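> Below you will find the structure I want to go over with you.
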Amino acid sequence: VKVAVEKRGALIVLEGLDRSGKSSQCRALASFLRERGESVEEWRFPDRTTAIGQMISSYLSQTAELDDSAIHLLFAANRWEKKSSMESTLRNGTTLLVDRYSYSGVAFSAAKGLDFQWCSTSETALPAADLVLFLDIDPEVAARRGEYGLERYEEVDFQRRVATYYQAMRDSTWQIVDANQSVEEVQEALREAAVSVIQSCKSGAELLRLWP
Ligand code: FDM
Ligand code: MG
């Protein structure tokens, strides 16, 4: 007797500097995957809708000041509060497209001068992304895009430091996409990588944990 086994969805994370195009690429990738019949949810971190997320939002819009370590831990807590929901969604066979995750958490805090290892510890045992789509853009180019500079961190020298910490986190799950290309070319690269990782998760690839 054959028993149908639900195959899990993929945890796909989009990362990159501010104004690298993550949010619009995420939206376009979600509709492409849905047209192919995949079950997909779009998430983002910080999730500003929760109580913790609202504290983060006030910090980012510069209406609140917080100690660097305290805000780092709030960003992490904002992921931990979604952990069980993230895992059950994946187990139900739904793919998550997530705009920023722990990789932003470490890169942005380390760029402020916090210890890189200390920054990673708050992420330990959260689900690891099956695929990190990194939209690689020159910080100078990003700074010329609309509405840049309104929020905290949107400053070219700071973004340059963030980029070096992103670089330090690259591993085999990362796909670096040149975000200076046209919107269509970027989308094409994302589609191929996403389709392939969704397939391997359906074939039983194990959900890994951050950072051993
Ligand atoms: N950011 C985002 C962090 O500093 N730590 C985190 O853990 C996360 C998820 O928050 F500048 C920063 C990155 C960015 C800002 O993100 C808000 P959006 O994607 O621009 O809303
Ligand atoms: Mg931003």
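Ordered as shown in the structure tokens, chains take letters A, B, and onward, while each chain numbers its residues from 1 and ligands are numbered from 1 in the order shown.
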Please, which residues in region 116-174 of chain A fall within 10 Å of region 22-43 of chain A when counting only C-alpha atoms, and what is the closest atom pair and distance in Å to one decimal for each, ordered by chain then residue number, as JSON lines?


```
{"residue": "A:Leu133", "atom": "CA", "partner": "A:Lys22", "partner_atom": "CA", "distance": 9.2}
{"residue": "A:Phe134", "atom": "CA", "partner": "A:Lys22", "partner_atom": "CA", "distance": 8.8}
{"residue": "A:Leu135", "atom": "CA", "partner": "A:Lys22", "partner_atom": "CA", "distance": 7.0}
```

> Let's see if you can do this: from backbone DSSP, list all strand (DSSP E) residues in region 66-111 of chain A, as a list in words.

Thr95, Leu96, Leu97, Val98 and Asp99 of chain A

> Can you write just those residues out, C-alpha atoms, as a PDB file, in the first residue's frame?


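The file below, out.pdb, is the result:
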```pdb
ATOM      1  CA  THR A  95       7.320  27.152   0.660  1.00  0.00           C
ATOM      2  CA  LEU A  96       8.300  30.305   2.546  1.00  0.00           C
ATOM      3  CA  LEU A  97       9.813  33.221   0.660  1.00  0.00           C
ATOM      4  CA  VAL A  98      11.335  35.365   3.346  1.00  0.00           C
ATOM      5  CA  ASP A  99      12.523  38.931   2.822  1.00  0.00           C
TER       6      ASP A  99
END
```

> Which residues are near ligand 2 in this structure, taking near to mean any atom at most 7 Å from a ligand atom and counting only C-alpha atoms and all ligand atoms? Format them as number ranges by chain.

A: 18-19, 151, 154

> Can you spit out the residues from that selection as a PDB file, in the first residue's frame, using N, CA and C atoms?


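Here's the written file out.pdb:
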```pdb
ATOM      1  N   ASP A  18      20.054  47.442   1.682  1.00  0.00           N
ATOM      2  CA  ASP A  18      18.830  48.219   1.475  1.00  0.00           C
ATOM      3  C   ASP A  18      18.755  48.704   0.033  1.00  0.00           C
ATOM      4  N   ARG A  19      17.562  48.642  -0.547  1.00  0.00           N
ATOM      5  CA  ARG A  19      17.287  49.058  -1.929  1.00  0.00           C
ATOM      6  C   ARG A  19      17.994  48.180  -2.967  1.00  0.00           C
ATOM      7  N   GLU A 151      15.339  55.609   6.729  1.00  0.00           N
ATOM      8  CA  GLU A 151      15.450  54.793   7.929  1.00  0.00           C
ATOM      9  C   GLU A 151      16.896  54.670   8.379  1.00  0.00           C
ATOM     10  N   GLU A 154      20.474  53.339   6.494  1.00  0.00           N
ATOM     11  CA  GLU A 154      20.528  53.615   5.054  1.00  0.00           C
ATOM     12  C   GLU A 154      21.575  54.698   4.770  1.00  0.00           C
TER      13      GLU A 154
END
```

> What residues have any atom no more than 9 Å from ligand 1 when counting only C-alpha atoms and all ligand atoms, and can you list them as a VMD selection string?

chain A and resid 15 to 19 22 to 23 44 to 48 56 to 57 60 71 to 76 78 to 79 99 to 109 151 to 154 159

> Quick one: of A:Ala205, A:Leu14, A:Trp211, A:Val195, who's nearest to Cys119 (chain A), counting only C-alpha atoms?

A:Trp211

> Could you pull out all residues of chain A with a DSSP call of helix (DSSP H, G or I) and give them as JSON, numbers by chain?

{"A": [22, 23, 24, 25, 26, 27, 28, 29, 30, 31, 32, 33, 34, 35, 51, 52, 53, 54, 55, 56, 57, 58, 59, 60, 68, 69, 70, 71, 72, 73, 74, 75, 76, 77, 78, 79, 80, 83, 84, 85, 86, 87, 88, 89, 90, 91, 102, 103, 104, 105, 106, 107, 108, 109, 110, 111, 116, 117, 118, 119, 120, 121, 139, 140, 141, 142, 143, 156, 157, 158, 159, 160, 161, 162, 163, 164, 165, 166, 167, 168, 169, 183, 184, 185, 186, 187, 188, 189, 190, 191, 192, 193, 194, 195, 196, 197, 198, 199, 200, 201, 202]}

> What is the distance between CA of Arg8 (chain A) and CA of Glu185 (chain A), in Å to one decimal?

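The value is 28.5 Å.
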
> In Å, with one decimal, what is the gap from CA of Val177 (chain A) to CA of Ile137 (chain A)?

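Computing it gives 8.8 Å between the two atoms.
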
> Calculated over only C-alpha atoms, which of the candidates A:Ala125, A:Ala143, A:Ala51, A:Ile176 has the smallest distance to Phe158 (chain A)?

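Using only C-alpha atoms, the shortest distance to Phe158 (chain A) belongs to A:Ala143.
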
> For Pro127 (chain A), work out the shell of residues within 9 Å, counting only C-alpha atoms and skipping chain neighbours fewer than 2 positions away, then give it as a VMD selection string.

chain A and resid 11 83 86 to 87 123 to 125 129 to 130 207 to 210

> Take the residues from that selection and write them out as a PDB file, in the first residue's frame, keeping N, CA and C atoms.


```pdb
ATOM      1  N   LEU A  11      12.529  26.667   2.623  1.00  0.00           N
ATOM      2  CA  LEU A  11      12.756  27.962   3.265  1.00  0.00           C
ATOM      3  C   LEU A  11      13.742  28.743   2.399  1.00  0.00           C
ATOM      4  N   LYS A  83       9.067  31.033  15.060  1.00  0.00           N
ATOM      5  CA  LYS A  83       9.727  29.763  14.727  1.00  0.00           C
ATOM      6  C   LYS A  83       8.742  28.605  14.540  1.00  0.00           C
ATOM      7  N   MET A  86       6.692  29.010  11.491  1.00  0.00           N
ATOM      8  CA  MET A  86       7.531  28.794  10.308  1.00  0.00           C
ATOM      9  C   MET A  86       7.680  27.294  10.042  1.00  0.00           C
ATOM     10  N   GLU A  87       7.993  26.541  11.093  1.00  0.00           N
ATOM     11  CA  GLU A  87       8.214  25.103  10.934  1.00  0.00           C
ATOM     12  C   GLU A  87       6.948  24.361  10.522  1.00  0.00           C
ATOM     13  N   GLU A 123      20.848  33.217  17.011  1.00  0.00           N
ATOM     14  CA  GLU A 123      20.177  32.549  15.875  1.00  0.00           C
ATOM     15  C   GLU A 123      20.294  31.026  15.963  1.00  0.00           C
ATOM     16  N   THR A 124      21.111  30.541  16.899  1.00  0.00           N
ATOM     17  CA  THR A 124      21.402  29.113  16.987  1.00  0.00           C
ATOM     18  C   THR A 124      20.131  28.283  17.144  1.00  0.00           C
ATOM     19  N   ALA A 125      19.966  27.297  16.255  1.00  0.00           N
ATOM     20  CA  ALA A 125      18.852  26.344  16.250  1.00  0.00           C
ATOM     21  C   ALA A 125      17.575  26.867  15.578  1.00  0.00           C
ATOM     22  N   ALA A 129      18.063  28.485   6.190  1.00  0.00           N
ATOM     23  CA  ALA A 129      17.484  28.591   4.852  1.00  0.00           C
ATOM     24  C   ALA A 129      17.997  27.444   3.980  1.00  0.00           C
ATOM     25  N   ASP A 130      17.117  26.901   3.161  1.00  0.00           N
ATOM     26  CA  ASP A 130      17.553  25.930   2.153  1.00  0.00           C
ATOM     27  C   ASP A 130      18.282  26.651   1.038  1.00  0.00           C
ATOM     28  N   LEU A 207      15.589  19.614   6.837  1.00  0.00           N
ATOM     29  CA  LEU A 207      15.626  21.017   7.273  1.00  0.00           C
ATOM     30  C   LEU A 207      16.766  21.176   8.276  1.00  0.00           C
ATOM     31  N   LEU A 208      17.735  22.018   7.939  1.00  0.00           N
ATOM     32  CA  LEU A 208      18.908  22.179   8.811  1.00  0.00           C
ATOM     33  C   LEU A 208      18.688  23.327   9.795  1.00  0.00           C
ATOM     34  N   ARG A 209      19.607  23.436  10.735  1.00  0.00           N
ATOM     35  CA  ARG A 209      19.506  24.463  11.787  1.00  0.00           C
ATOM     36  C   ARG A 209      20.672  25.433  11.656  1.00  0.00           C
ATOM     37  N   LEU A 210      20.441  26.659  12.083  1.00  0.00           N
ATOM     38  CA  LEU A 210      21.531  27.639  12.141  1.00  0.00           C
ATOM     39  C   LEU A 210      22.348  27.389  13.397  1.00  0.00           C
TER      40      LEU A 210
END
```

> Taking 5 positions as the minimum chain separation for residues in the same chain, which residues sit within 10 Å of Ser196 (chain A) when counting only C-alpha atoms? Answer as a ChimeraX atom specification.

/A:131,191,201

> Using only C-alpha atoms, find the one residue out of A:Gly149, A:Arg91, A:Arg160, A:Ala142 that sits nearest to Gly9 (chain A).

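When distances to Gly9 (chain A) are compared using only C-alpha atoms, the smallest one comes from A:Arg91.
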
> Please report the interatomic distance between CA of Asp115 (chain A) and CA of Ser84 (chain A) in Å with one decimal.

27.7 Å

> Just checking: using only C-alpha atoms, which residue out of A:Pro139, A:Tyr148, A:Ser69, A:Ile198 ends up closest to Ile12 (chain A)?

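Checking each of A:Pro139, A:Tyr148, A:Ser69, A:Ile198 against Ile12 (chain A), counting only C-alpha atoms, the winner is A:Ile198.
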
> Choose the residue, out of A:Leu126, A:Leu150, A:Leu90, A:Ala110, that has the smallest atom-to-atom separation from Ala77 (chain A); count only C-alpha atoms.

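Closest candidate: A:Leu126.
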